[in-house]
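Structure file work02.tsv with TSV, N, CA and C atoms:
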chain	number	residue	atom	x	y	z
S	26	MET	N	172.04	73.60	127.88
S	26	MET	CA	172.67	73.54	126.59
S	26	MET	C	173.96	72.73	126.74
S	27	GLY	N	174.22	71.85	125.80
S	27	GLY	CA	175.43	71.03	125.87
S	27	GLY	C	176.57	71.64	125.08
S	28	ARG	N	177.68	70.99	125.15
S	28	ARG	CA	178.89	71.45	124.47
S	28	ARG	C	178.91	70.99	123.01
S	29	ILE	N	179.70	71.68	122.21
S	29	ILE	CA	180.02	71.25	120.85
S	29	ILE	C	181.44	70.72	120.91
S	30	LEU	N	181.65	69.54	120.36
S	30	LEU	CA	182.97	68.92	120.37
S	30	LEU	C	183.50	68.84	118.95
S	31	ALA	N	184.68	69.41	118.73
S	31	ALA	CA	185.29	69.41	117.41
S	31	ALA	C	186.38	68.34	117.36
S	32	ILE	N	186.51	67.72	116.19
S	32	ILE	CA	187.44	66.63	116.00
S	32	ILE	C	188.28	66.89	114.76
S	33	ASP	N	189.61	66.93	114.97
S	33	ASP	CA	190.57	67.01	113.86
S	33	ASP	C	191.17	65.61	113.73
S	34	TYR	N	190.52	64.79	112.91
S	34	TYR	CA	190.86	63.37	112.79
S	34	TYR	C	192.16	63.18	112.02
S	35	GLY	N	193.03	62.33	112.56
S	35	GLY	CA	194.28	62.01	111.89
S	35	GLY	C	194.54	60.52	111.95
S	36	THR	N	195.45	60.05	111.13
S	36	THR	CA	195.73	58.61	111.10
S	36	THR	C	196.42	58.15	112.38
S	37	LYS	N	197.25	59.00	112.99
S	37	LYS	CA	197.95	58.63	114.22
S	37	LYS	C	197.35	59.28	115.46
S	38	ARG	N	197.09	60.58	115.35
S	38	ARG	CA	196.58	61.36	116.47
S	38	ARG	C	195.35	62.14	116.03
S	39	THR	N	194.47	62.40	117.00
S	39	THR	CA	193.27	63.18	116.73
S	39	THR	C	193.18	64.30	117.75
S	40	GLY	N	193.07	65.52	117.25
S	40	GLY	CA	192.93	66.67	118.12
S	40	GLY	C	191.47	66.91	118.46
S	41	LEU	N	191.23	67.31	119.68
S	41	LEU	CA	189.86	67.56	120.15
S	41	LEU	C	189.76	68.95	120.77
S	42	ALA	N	188.64	69.60	120.52
S	42	ALA	CA	188.35	70.90	121.13
S	42	ALA	C	186.88	70.89	121.52
S	43	VAL	N	186.53	71.74	122.45
S	43	VAL	CA	185.16	71.75	122.96
S	43	VAL	C	184.77	73.17	123.35
S	44	THR	N	183.48	73.44	123.25
S	44	THR	CA	182.99	74.73	123.71
S	44	THR	C	182.65	74.65	125.19
S	45	ASP	N	182.43	75.80	125.76
S	45	ASP	CA	181.85	75.87	127.09
S	45	ASP	C	180.38	75.46	126.96
S	46	PRO	N	179.67	75.22	128.07
S	46	PRO	CA	178.27	74.80	127.98
S	46	PRO	C	177.35	75.79	127.26
S	47	LEU	N	177.72	77.07	127.23
S	47	LEU	CA	176.90	78.06	126.54
S	47	LEU	C	177.25	78.18	125.05
S	48	GLN	N	178.22	77.39	124.62
S	48	GLN	CA	178.65	77.34	123.22
S	48	GLN	C	179.15	78.69	122.70
S	49	ILE	N	179.96	79.34	123.53
S	49	ILE	CA	180.50	80.65	123.18
S	49	ILE	C	182.00	80.58	122.90
S	50	ILE	N	182.73	79.85	123.73
S	50	ILE	CA	184.19	79.84	123.68
S	50	ILE	C	184.71	78.47	123.25
S	51	ALA	N	185.65	78.45	122.31
S	51	ALA	CA	186.30	77.22	121.87
S	51	ALA	C	187.59	77.02	122.67
S	52	ASN	N	187.74	75.85	123.26
S	52	ASN	CA	188.92	75.52	124.05
S	52	ASN	C	189.53	74.21	123.58
S	53	GLY	N	190.84	74.12	123.60
S	53	GLY	CA	191.50	72.85	123.31
S	53	GLY	C	191.15	71.86	124.40
S	54	LEU	N	190.85	70.64	124.02
S	54	LEU	CA	190.50	69.61	125.00
S	54	LEU	C	191.66	68.63	125.18
S	55	ASP	N	192.09	67.98	124.10
S	55	ASP	CA	193.11	66.96	124.22
S	55	ASP	C	193.56	66.52	122.84
S	56	THR	N	194.64	65.76	122.81
S	56	THR	CA	195.05	65.04	121.62
S	56	THR	C	195.12	63.58	122.03
S	57	VAL	N	194.47	62.73	121.24
S	57	VAL	CA	194.31	61.33	121.58
S	57	VAL	C	194.89	60.47	120.46
S	58	ALA	N	195.53	59.36	120.83
S	58	ALA	CA	195.93	58.41	119.80
S	58	ALA	C	194.66	57.94	119.10
S	59	THR	N	194.65	57.99	117.78
S	59	THR	CA	193.43	57.69	117.03
S	59	THR	C	192.81	56.33	117.38
S	60	PRO	N	193.60	55.26	117.58
S	60	PRO	CA	192.97	53.99	117.95
S	60	PRO	C	192.22	54.04	119.29
S	61	ASP	N	192.56	55.02	120.14
S	61	ASP	CA	191.90	55.16	121.45
S	61	ASP	C	190.77	56.17	121.45
S	62	LEU	N	190.44	56.72	120.28
S	62	LEU	CA	189.49	57.83	120.21
S	62	LEU	C	188.10	57.48	120.73
S	63	PHE	N	187.54	56.36	120.32
S	63	PHE	CA	186.18	56.04	120.76
S	63	PHE	C	186.12	55.77	122.26
S	64	ALA	N	187.15	55.17	122.83
S	64	ALA	CA	187.19	54.96	124.28
S	64	ALA	C	187.24	56.32	124.99
S	65	TYR	N	188.03	57.24	124.45
S	65	TYR	CA	188.12	58.58	125.03
S	65	TYR	C	186.76	59.27	124.96
S	66	LEU	N	186.11	59.21	123.79
S	66	LEU	CA	184.81	59.86	123.63
S	66	LEU	C	183.77	59.25	124.58
S	67	GLU	N	183.81	57.94	124.73
S	67	GLU	CA	182.86	57.26	125.63
S	67	GLU	C	183.02	57.80	127.05
S	68	ASP	N	184.25	57.92	127.50
S	68	ASP	CA	184.51	58.44	128.84
S	68	ASP	C	184.07	59.90	128.95
S	69	TYR	N	184.43	60.72	127.97
S	69	TYR	CA	184.08	62.13	128.01
S	69	TYR	C	182.56	62.33	128.00
S	70	LEU	N	181.87	61.59	127.15
S	70	LEU	CA	180.42	61.74	127.03
S	70	LEU	C	179.69	61.23	128.28
S	71	SER	N	180.34	60.40	129.07
S	71	SER	CA	179.72	59.94	130.32
S	71	SER	C	179.74	61.05	131.38
S	72	ARG	N	180.63	62.05	131.17
S	72	ARG	CA	180.77	63.14	132.14
S	72	ARG	C	180.19	64.46	131.67
S	73	GLU	N	180.14	64.67	130.35
S	73	GLU	CA	179.73	65.95	129.79
S	73	GLU	C	178.65	65.76	128.73
S	74	GLU	N	177.74	66.72	128.66
S	74	GLU	CA	176.71	66.68	127.63
S	74	GLU	C	177.25	67.34	126.36
S	75	VAL	N	177.22	66.59	125.27
S	75	VAL	CA	177.64	67.09	123.97
S	75	VAL	C	176.43	67.05	123.05
S	76	THR	N	176.13	68.19	122.44
S	76	THR	CA	174.94	68.27	121.58
S	76	THR	C	175.28	68.23	120.09
S	77	LEU	N	176.58	68.34	119.76
S	77	LEU	CA	176.98	68.34	118.35
S	77	LEU	C	178.45	67.98	118.23
S	78	PHE	N	178.76	67.13	117.24
S	78	PHE	CA	180.14	66.88	116.84
S	78	PHE	C	180.41	67.68	115.58
S	79	VAL	N	181.55	68.35	115.53
S	79	VAL	CA	182.00	69.04	114.32
S	79	VAL	C	183.32	68.38	113.93
S	80	VAL	N	183.33	67.80	112.72
S	80	VAL	CA	184.51	67.07	112.26
S	80	VAL	C	185.14	67.84	111.09
S	81	GLY	N	186.44	68.01	111.16
S	81	GLY	CA	187.15	68.68	110.08
S	81	GLY	C	187.15	67.83	108.82
S	82	GLU	N	186.79	68.45	107.72
S	82	GLU	CA	186.78	67.77	106.42
S	82	GLU	C	188.07	68.11	105.68
S	83	PRO	N	188.93	67.13	105.46
S	83	PRO	CA	190.22	67.42	104.82
S	83	PRO	C	190.08	67.62	103.31
S	84	LEU	N	190.39	68.83	102.87
S	84	LEU	CA	190.28	69.18	101.46
S	84	LEU	C	191.58	69.81	100.99
S	85	HIS	N	191.86	69.62	99.69
S	85	HIS	CA	192.99	70.31	99.07
S	85	HIS	C	192.60	71.76	98.80
S	86	ALA	N	193.56	72.57	98.42
S	86	ALA	CA	193.31	73.98	98.14
S	86	ALA	C	192.23	74.18	97.09
S	87	ASP	N	192.15	73.25	96.10
S	87	ASP	CA	191.16	73.38	95.04
S	87	ASP	C	189.78	72.84	95.44
S	88	GLY	N	189.65	72.36	96.68
S	88	GLY	CA	188.36	71.86	97.16
S	88	GLY	C	188.17	70.37	96.98
S	89	SER	N	189.10	69.70	96.32
S	89	SER	CA	188.98	68.25	96.16
S	89	SER	C	189.37	67.56	97.46
S	90	PRO	N	188.85	66.35	97.70
S	90	PRO	CA	189.15	65.64	98.94
S	90	PRO	C	190.64	65.30	99.06
S	91	ALA	N	191.18	65.44	100.25
S	91	ALA	CA	192.57	65.07	100.52
S	91	ALA	C	192.66	63.55	100.67
S	92	GLN	N	193.89	63.03	100.71
S	92	GLN	CA	194.09	61.58	100.77
S	92	GLN	C	193.39	60.92	101.95
S	93	ILE	N	193.33	61.59	103.06
S	93	ILE	CA	192.74	61.02	104.27
S	93	ILE	C	191.21	61.11	104.29
S	94	ALA	N	190.63	61.77	103.32
S	94	ALA	CA	189.18	62.05	103.32
S	94	ALA	C	188.34	60.79	103.49
S	95	HIS	N	188.71	59.71	102.81
S	95	HIS	CA	187.91	58.48	102.93
S	95	HIS	C	187.96	57.90	104.34
S	96	LEU	N	189.07	58.11	105.05
S	96	LEU	CA	189.16	57.65	106.44
S	96	LEU	C	188.27	58.50	107.35
S	97	VAL	N	188.21	59.79	107.07
S	97	VAL	CA	187.36	60.68	107.86
S	97	VAL	C	185.88	60.33	107.63
S	98	VAL	N	185.53	60.04	106.38
S	98	VAL	CA	184.14	59.64	106.07
S	98	VAL	C	183.79	58.36	106.83
S	99	GLY	N	184.71	57.40	106.86
S	99	GLY	CA	184.48	56.17	107.61
S	99	GLY	C	184.34	56.43	109.10
S	100	PHE	N	185.17	57.33	109.63
S	100	PHE	CA	185.08	57.69	111.04
S	100	PHE	C	183.73	58.34	111.34
S	101	VAL	N	183.30	59.25	110.49
S	101	VAL	CA	182.02	59.94	110.69
S	101	VAL	C	180.87	58.92	110.66
S	102	ARG	N	180.95	57.97	109.77
S	102	ARG	CA	179.93	56.91	109.70
S	102	ARG	C	179.85	56.15	111.03
S	103	LYS	N	181.00	55.77	111.58
S	103	LYS	CA	181.04	55.06	112.87
S	103	LYS	C	180.53	55.95	114.00
S	104	LEU	N	180.91	57.23	113.97
S	104	LEU	CA	180.49	58.18	114.99
S	104	LEU	C	178.97	58.31	115.00
S	105	ARG	N	178.38	58.44	113.82
S	105	ARG	CA	176.92	58.55	113.73
S	105	ARG	C	176.22	57.28	114.19
S	106	LYS	N	176.82	56.14	113.91
S	106	LYS	CA	176.22	54.87	114.32
S	106	LYS	C	176.31	54.68	115.84
S	107	LYS	N	177.45	55.04	116.41
S	107	LYS	CA	177.65	54.86	117.85
S	107	LYS	C	176.86	55.88	118.68
S	108	TYR	N	176.72	57.10	118.15
S	108	TYR	CA	176.02	58.16	118.88
S	108	TYR	C	174.93	58.75	117.98
S	109	PRO	N	173.87	57.98	117.74
S	109	PRO	CA	172.85	58.44	116.79
S	109	PRO	C	172.06	59.67	117.25
S	110	ASP	N	172.10	59.98	118.54
S	110	ASP	CA	171.35	61.12	119.06
S	110	ASP	C	172.15	62.43	119.01
S	111	ILE	N	173.42	62.35	118.61
S	111	ILE	CA	174.25	63.55	118.53
S	111	ILE	C	174.55	63.83	117.06
S	112	PRO	N	174.07	64.94	116.54
S	112	PRO	CA	174.33	65.26	115.13
S	112	PRO	C	175.83	65.46	114.87
S	113	VAL	N	176.21	65.20	113.63
S	113	VAL	CA	177.59	65.38	113.19
S	113	VAL	C	177.58	66.32	111.99
S	114	GLU	N	178.38	67.36	112.06
S	114	GLU	CA	178.54	68.27	110.92
S	114	GLU	C	180.01	68.28	110.52
S	115	MET	N	180.25	68.37	109.23
S	115	MET	CA	181.62	68.47	108.75
S	115	MET	C	181.88	69.90	108.31
S	116	ILE	N	183.11	70.36	108.55
S	116	ILE	CA	183.48	71.72	108.18
S	116	ILE	C	184.86	71.69	107.54
S	117	ASP	N	185.03	72.49	106.53
S	117	ASP	CA	186.28	72.59	105.79
S	117	ASP	C	187.43	72.88	106.75
S	118	GLU	N	188.45	72.03	106.71
S	118	GLU	CA	189.59	72.25	107.60
S	118	GLU	C	190.86	72.66	106.85
S	119	ARG	N	190.68	73.13	105.62
S	119	ARG	CA	191.87	73.56	104.86
S	119	ARG	C	192.67	74.59	105.64
S	120	TYR	N	193.95	74.41	105.64
S	120	TYR	CA	194.93	75.34	106.21
S	120	TYR	C	194.94	75.41	107.74
S	121	THR	N	194.13	74.60	108.44
S	121	THR	CA	194.14	74.70	109.90
S	121	THR	C	195.47	74.25	110.49
S	122	SER	N	196.09	73.22	109.92
S	122	SER	CA	197.39	72.78	110.45
S	122	SER	C	198.45	73.85	110.26
S	123	GLU	N	198.46	74.48	109.10
S	123	GLU	CA	199.44	75.55	108.85
S	123	GLU	C	199.19	76.73	109.78
S	124	GLU	N	197.93	77.07	109.97
S	124	GLU	CA	197.59	78.18	110.87
S	124	GLU	C	197.97	77.84	112.31
S	125	ALA	N	197.74	76.58	112.70
S	125	ALA	CA	198.10	76.14	114.06
S	125	ALA	C	199.61	76.24	114.26
S	126	LYS	N	200.39	75.82	113.26
S	126	LYS	CA	201.85	75.90	113.36
S	126	LYS	C	202.31	77.35	113.50
S	127	LEU	N	201.67	78.25	112.78
S	127	LEU	CA	202.01	79.67	112.86
S	127	LEU	C	201.68	80.22	114.25
S	128	ILE	N	200.54	79.84	114.79
S	128	ILE	CA	200.15	80.27	116.13
S	128	ILE	C	201.18	79.79	117.15
S	129	ILE	N	201.58	78.54	117.02
S	129	ILE	CA	202.56	77.97	117.95
S	129	ILE	C	203.91	78.69	117.82
S	130	ARG	N	204.33	78.91	116.58
S	130	ARG	CA	205.61	79.57	116.34
S	130	ARG	C	205.62	80.98	116.95
S	131	ASN	N	204.49	81.67	116.87
S	131	ASN	CA	204.39	83.04	117.38
S	131	ASN	C	204.06	83.12	118.87
S	132	SER	N	203.87	81.97	119.50
S	132	SER	CA	203.41	81.95	120.89
S	132	SER	C	204.50	82.20	121.91
S	133	GLY	N	205.75	82.05	121.49
S	133	GLY	CA	206.84	82.21	122.45
S	133	GLY	C	207.21	80.94	123.18
S	134	LEU	N	206.60	79.81	122.79
S	134	LEU	CA	206.96	78.54	123.42
S	134	LEU	C	208.38	78.16	123.08
S	135	LYS	N	209.00	77.40	123.95
S	135	LYS	CA	210.36	76.91	123.70
S	135	LYS	C	210.33	75.97	122.49
S	136	LYS	N	211.49	75.85	121.84
S	136	LYS	CA	211.60	75.09	120.60
S	136	LYS	C	211.10	73.65	120.75
S	137	LYS	N	211.43	73.00	121.85
S	137	LYS	CA	211.01	71.60	122.07
S	137	LYS	C	209.48	71.49	122.09
S	138	LYS	N	208.82	72.41	122.77
S	138	LYS	CA	207.36	72.39	122.86
S	138	LYS	C	206.73	72.72	121.50
S	139	ARG	N	207.38	73.60	120.73
S	139	ARG	CA	206.86	73.96	119.41
S	139	ARG	C	206.87	72.77	118.46
S	140	ARG	N	207.75	71.80	118.68
S	140	ARG	CA	207.83	70.61	117.83
S	140	ARG	C	206.81	69.54	118.18
S	141	ASP	N	206.06	69.75	119.24
S	141	ASP	CA	205.08	68.77	119.71
S	141	ASP	C	203.91	68.71	118.73
S	142	LYS	N	203.85	67.64	117.94
S	142	LYS	CA	202.81	67.51	116.92
S	142	LYS	C	201.41	67.40	117.52
S	143	SER	N	201.31	66.88	118.74
S	143	SER	CA	199.99	66.77	119.37
S	143	SER	C	199.41	68.16	119.66
S	144	LEU	N	200.27	69.13	119.92
S	144	LEU	CA	199.81	70.50	120.13
S	144	LEU	C	199.20	71.07	118.85
S	145	VAL	N	199.83	70.77	117.71
S	145	VAL	CA	199.29	71.21	116.41
S	145	VAL	C	197.89	70.63	116.21
S	146	ASP	N	197.72	69.35	116.53
S	146	ASP	CA	196.41	68.70	116.35
S	146	ASP	C	195.33	69.33	117.23
S	147	LYS	N	195.69	69.62	118.48
S	147	LYS	CA	194.71	70.23	119.40
S	147	LYS	C	194.35	71.64	118.95
S	148	ILE	N	195.35	72.42	118.57
S	148	ILE	CA	195.06	73.79	118.11
S	148	ILE	C	194.28	73.76	116.80
S	149	SER	N	194.57	72.81	115.93
S	149	SER	CA	193.79	72.67	114.70
S	149	SER	C	192.32	72.40	115.02
S	150	ALA	N	192.07	71.57	116.02
S	150	ALA	CA	190.68	71.30	116.43
S	150	ALA	C	190.02	72.57	116.96
S	151	VAL	N	190.76	73.39	117.69
S	151	VAL	CA	190.22	74.66	118.19
S	151	VAL	C	189.86	75.56	117.01
S	152	LEU	N	190.73	75.61	116.01
S	152	LEU	CA	190.47	76.45	114.82
S	152	LEU	C	189.24	75.96	114.06
S	153	ILE	N	189.09	74.65	113.94
S	153	ILE	CA	187.90	74.07	113.29
S	153	ILE	C	186.65	74.49	114.06
S	154	LEU	N	186.71	74.36	115.37
S	154	LEU	CA	185.56	74.71	116.21
S	154	LEU	C	185.25	76.20	116.13
S	155	GLN	N	186.29	77.04	116.19
S	155	GLN	CA	186.06	78.48	116.11
S	155	GLN	C	185.46	78.86	114.76
S	156	ASP	N	185.95	78.23	113.68
S	156	ASP	CA	185.37	78.48	112.36
S	156	ASP	C	183.89	78.12	112.34
S	157	TYR	N	183.55	76.99	112.96
S	157	TYR	CA	182.15	76.57	113.02
S	157	TYR	C	181.32	77.61	113.79
S	158	LEU	N	181.83	78.02	114.95
S	158	LEU	CA	181.10	79.00	115.75
S	158	LEU	C	180.92	80.31	114.98
S	159	ASP	N	181.97	80.78	114.33
S	159	ASP	CA	181.90	82.02	113.57
S	159	ASP	C	180.88	81.91	112.43
S	160	GLU	N	180.83	80.76	111.81
S	160	GLU	CA	179.97	80.57	110.65
S	160	GLU	C	178.50	80.31	111.02
S	161	HIS	N	178.27	79.63	112.14
S	161	HIS	CA	176.91	79.16	112.44
S	161	HIS	C	176.24	79.78	113.65
S	162	LEU	N	177.01	80.21	114.64
S	162	LEU	CA	176.36	80.60	115.88
S	162	LEU	C	176.53	82.05	116.27
S	163	LEU	N	177.68	82.63	115.97
S	163	LEU	CA	177.91	83.99	116.41
S	163	LEU	C	177.24	84.98	115.46
S	164	PRO	N	176.74	86.11	116.01
S	164	PRO	CA	176.05	87.08	115.17
S	164	PRO	C	176.98	87.79	114.21

Let's see the structure in the file written out as structure tokens.
Amino acid sequence: MGRILAIDYGTKRTGLAVTDPLQIIANGLDTVATPDLFAYLEDYLSREEVTLFVVGEPLHADGSPAQIAHLVVGFVRKLRKKYPDIPVEMIDERYTSEEAKLIIRNSGLKKKKRRDKSLVDKISAVLILQDYLDEHLLP
């Protein structure tokens, strides 16, 4: 069984999270500069088996698409074209950034580390992945 890789796509940085091979536990993987994302994925996929991409779908509180939504749709289109054998699912990512900031604030990290925006992106990807696991795979 391969891993599930979650992507919290952003205009500057993209957070990544991945499951263990048994698809039970969601772990933060990395935060990558968005222009370098496909190179990073190429390298990662050469080393690890990924059976599914889960991409956060940016929505407003009322369910309408957020400003970045069209960029995420374009990214998903490229992802499907580049990796046609790996399915892509989108999952609502509303409030994941706020939840990630709260987790960081409550973690006891020093103030400088709490301001690290790349940490927010990685934790957001973990939350997206955990939501997917809770909704689709766990009993």

Check the smallest atom-to-atom distance from each of S:Val79, S:Leu70, S:Gln48, S:Gln92 to Leu162 of chain S using all atoms listed in the file, then report the winner.
->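 Counting all atoms listed in the file, the residue closest to Leu162 of chain S is S:Gln48.
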
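One distance worth recording is that between atom C of Ser149 of chain S and atom N of Arg105 of chain S, which is 19.8 Å.
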
For atom CA of Arg119 of chain S and atom CA of His85 of chain S, the interatomic separation in Å (one decimal) = 6.7 Å

Using the chain letters and numbers from this document, which residues of segment 74-108 of chain S does DSSP assign to strand (DSSP E), as number ranges by chain?
-> S: 75-82

Measuring atom to atom with only N, CA and C atoms, identify which of S:Asp87, S:Glu73, S:Asp146, S:Glu114 is nearest to Ala42 of chain S.
->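 Of S:Asp87, S:Glu73, S:Asp146, S:Glu114, the one nearest Ala42 of chain S is S:Asp146, counting only N, CA and C atoms.
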
Within 6.5 Å of (194.6, 68.0, 121.0) (coordinates as in the file), grab all the protein and nucleic acid residues, counting only N, CA and C atoms, and write them out as a list in words.
->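 Selection result: Thr39, Gly40, Leu41, Ala42, Gly53, Leu54, Asp55, Thr56, Val57, Ser143, Leu144, Val145, Asp146, Lys147 and Ile148 of chain S.
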
Interatomic distance, atom C of Ala31 of chain S to atom CA of Thr44 of chain S (Å, one decimal) |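 Between atom C of Ala31 of chain S and atom CA of Thr44 of chain S the gap works out to 9.6 Å.
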
Centre, edges in Å (one decimal): axis-aligned box, segment 92-105 of chain S, 6 Å padding on all six sides, as JSON:
{"center_x": 185.2, "center_y": 59.0, "center_z": 107.9, "size_x": 29.9, "size_y": 20.0, "size_z": 26.3}

Residue set, segment 48-163 of chain S restricted to helix (DSSP H, G or I), as a PyMOL selection string | chain S and resi 59-72+94-107+121-130+136-139+142-161

Counting only C-alpha atoms, what is within 12 Å of Gly81 of chain S, bar same-chain residues fewer than 4 positions away, as a PyMOL selection string?
-> chain S and resi 30-35+39-42+90-91+93-94+96-98+100-101+113-122+146+149-157

Let's have the selection written as an mmCIF file, in the frame of the given file, with N, CA and C atoms.
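Saved result, again_17.cif, follows:
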data_model
loop_
_atom_site.group_PDB
_atom_site.id
_atom_site.type_symbol
_atom_site.label_atom_id
_atom_site.label_comp_id
_atom_site.auth_asym_id
_atom_site.auth_seq_id
_atom_site.Cartn_x
_atom_site.Cartn_y
_atom_site.Cartn_z
ATOM 1 N N LEU S 30 181.650 69.540 120.360
ATOM 2 C CA LEU S 30 182.970 68.920 120.370
ATOM 3 C C LEU S 30 183.500 68.840 118.950
ATOM 4 N N ALA S 31 184.680 69.410 118.730
ATOM 5 C CA ALA S 31 185.290 69.410 117.410
ATOM 6 C C ALA S 31 186.380 68.340 117.360
ATOM 7 N N ILE S 32 186.510 67.720 116.190
ATOM 8 C CA ILE S 32 187.440 66.630 116.000
ATOM 9 C C ILE S 32 188.280 66.890 114.760
ATOM 10 N N ASP S 33 189.610 66.930 114.970
ATOM 11 C CA ASP S 33 190.570 67.010 113.860
ATOM 12 C C ASP S 33 191.170 65.610 113.730
ATOM 13 N N TYR S 34 190.520 64.790 112.910
ATOM 14 C CA TYR S 34 190.860 63.370 112.790
ATOM 15 C C TYR S 34 192.160 63.180 112.020
ATOM 16 N N GLY S 35 193.030 62.330 112.560
ATOM 17 C CA GLY S 35 194.280 62.010 111.890
ATOM 18 C C GLY S 35 194.540 60.520 111.950
ATOM 19 N N THR S 39 194.470 62.400 117.000
ATOM 20 C CA THR S 39 193.270 63.180 116.730
ATOM 21 C C THR S 39 193.180 64.300 117.750
ATOM 22 N N GLY S 40 193.070 65.520 117.250
ATOM 23 C CA GLY S 40 192.930 66.670 118.120
ATOM 24 C C GLY S 40 191.470 66.910 118.460
ATOM 25 N N LEU S 41 191.230 67.310 119.680
ATOM 26 C CA LEU S 41 189.860 67.560 120.150
ATOM 27 C C LEU S 41 189.760 68.950 120.770
ATOM 28 N N ALA S 42 188.640 69.600 120.520
ATOM 29 C CA ALA S 42 188.350 70.900 121.130
ATOM 30 C C ALA S 42 186.880 70.890 121.520
ATOM 31 N N PRO S 90 188.850 66.350 97.700
ATOM 32 C CA PRO S 90 189.150 65.640 98.940
ATOM 33 C C PRO S 90 190.640 65.300 99.060
ATOM 34 N N ALA S 91 191.180 65.440 100.250
ATOM 35 C CA ALA S 91 192.570 65.070 100.520
ATOM 36 C C ALA S 91 192.660 63.550 100.670
ATOM 37 N N ILE S 93 193.330 61.590 103.060
ATOM 38 C CA ILE S 93 192.740 61.020 104.270
ATOM 39 C C ILE S 93 191.210 61.110 104.290
ATOM 40 N N ALA S 94 190.630 61.770 103.320
ATOM 41 C CA ALA S 94 189.180 62.050 103.320
ATOM 42 C C ALA S 94 188.340 60.790 103.490
ATOM 43 N N LEU S 96 189.070 58.110 105.050
ATOM 44 C CA LEU S 96 189.160 57.650 106.440
ATOM 45 C C LEU S 96 188.270 58.500 107.350
ATOM 46 N N VAL S 97 188.210 59.790 107.070
ATOM 47 C CA VAL S 97 187.360 60.680 107.860
ATOM 48 C C VAL S 97 185.880 60.330 107.630
ATOM 49 N N VAL S 98 185.530 60.040 106.380
ATOM 50 C CA VAL S 98 184.140 59.640 106.070
ATOM 51 C C VAL S 98 183.790 58.360 106.830
ATOM 52 N N PHE S 100 185.170 57.330 109.630
ATOM 53 C CA PHE S 100 185.080 57.690 111.040
ATOM 54 C C PHE S 100 183.730 58.340 111.340
ATOM 55 N N VAL S 101 183.300 59.250 110.490
ATOM 56 C CA VAL S 101 182.020 59.940 110.690
ATOM 57 C C VAL S 101 180.870 58.920 110.660
ATOM 58 N N VAL S 113 176.210 65.200 113.630
ATOM 59 C CA VAL S 113 177.590 65.380 113.190
ATOM 60 C C VAL S 113 177.580 66.320 111.990
ATOM 61 N N GLU S 114 178.380 67.360 112.060
ATOM 62 C CA GLU S 114 178.540 68.270 110.920
ATOM 63 C C GLU S 114 180.010 68.280 110.520
ATOM 64 N N MET S 115 180.250 68.370 109.230
ATOM 65 C CA MET S 115 181.620 68.470 108.750
ATOM 66 C C MET S 115 181.880 69.900 108.310
ATOM 67 N N ILE S 116 183.110 70.360 108.550
ATOM 68 C CA ILE S 116 183.480 71.720 108.180
ATOM 69 C C ILE S 116 184.860 71.690 107.540
ATOM 70 N N ASP S 117 185.030 72.490 106.530
ATOM 71 C CA ASP S 117 186.280 72.590 105.790
ATOM 72 C C ASP S 117 187.430 72.880 106.750
ATOM 73 N N GLU S 118 188.450 72.030 106.710
ATOM 74 C CA GLU S 118 189.590 72.250 107.600
ATOM 75 C C GLU S 118 190.860 72.660 106.850
ATOM 76 N N ARG S 119 190.680 73.130 105.620
ATOM 77 C CA ARG S 119 191.870 73.560 104.860
ATOM 78 C C ARG S 119 192.670 74.590 105.640
ATOM 79 N N TYR S 120 193.950 74.410 105.640
ATOM 80 C CA TYR S 120 194.930 75.340 106.210
ATOM 81 C C TYR S 120 194.940 75.410 107.740
ATOM 82 N N THR S 121 194.130 74.600 108.440
ATOM 83 C CA THR S 121 194.140 74.700 109.900
ATOM 84 C C THR S 121 195.470 74.250 110.490
ATOM 85 N N SER S 122 196.090 73.220 109.920
ATOM 86 C CA SER S 122 197.390 72.780 110.450
ATOM 87 C C SER S 122 198.450 73.850 110.260
ATOM 88 N N ASP S 146 197.720 69.350 116.530
ATOM 89 C CA ASP S 146 196.410 68.700 116.350
ATOM 90 C C ASP S 146 195.330 69.330 117.230
ATOM 91 N N SER S 149 194.570 72.810 115.930
ATOM 92 C CA SER S 149 193.790 72.670 114.700
ATOM 93 C C SER S 149 192.320 72.400 115.020
ATOM 94 N N ALA S 150 192.070 71.570 116.020
ATOM 95 C CA ALA S 150 190.680 71.300 116.430
ATOM 96 C C ALA S 150 190.020 72.570 116.960
ATOM 97 N N VAL S 151 190.760 73.390 117.690
ATOM 98 C CA VAL S 151 190.220 74.660 118.190
ATOM 99 C C VAL S 151 189.860 75.560 117.010
ATOM 100 N N LEU S 152 190.730 75.610 116.010
ATOM 101 C CA LEU S 152 190.470 76.450 114.820
ATOM 102 C C LEU S 152 189.240 75.960 114.060
ATOM 103 N N ILE S 153 189.090 74.650 113.940
ATOM 104 C CA ILE S 153 187.900 74.070 113.290
ATOM 105 C C ILE S 153 186.650 74.490 114.060
ATOM 106 N N LEU S 154 186.710 74.360 115.370
ATOM 107 C CA LEU S 154 185.560 74.710 116.210
ATOM 108 C C LEU S 154 185.250 76.200 116.130
ATOM 109 N N GLN S 155 186.290 77.040 116.190
ATOM 110 C CA GLN S 155 186.060 78.480 116.110
ATOM 111 C C GLN S 155 185.460 78.860 114.760
ATOM 112 N N ASP S 156 185.950 78.230 113.680
ATOM 113 C CA ASP S 156 185.370 78.480 112.360
ATOM 114 C C ASP S 156 183.890 78.120 112.340
ATOM 115 N N TYR S 157 183.550 76.990 112.960
ATOM 116 C CA TYR S 157 182.150 76.570 113.020
ATOM 117 C C TYR S 157 181.320 77.610 113.790
#

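Environment of (185.2, 55.7, 117.9): residues at most 7 Å away, judged by only C-alpha atoms, are S:Leu62, S:Phe63, S:Ala64, S:Lys103, S:Leu104.
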
Write out as a ChimeraX atom specification each polymer residue whose atoms come within 8 Å of Asp61 of chain S, counting all atoms listed in the file; drop sequence neighbours fewer than 5 positions from it.
-> /S:37,66-67
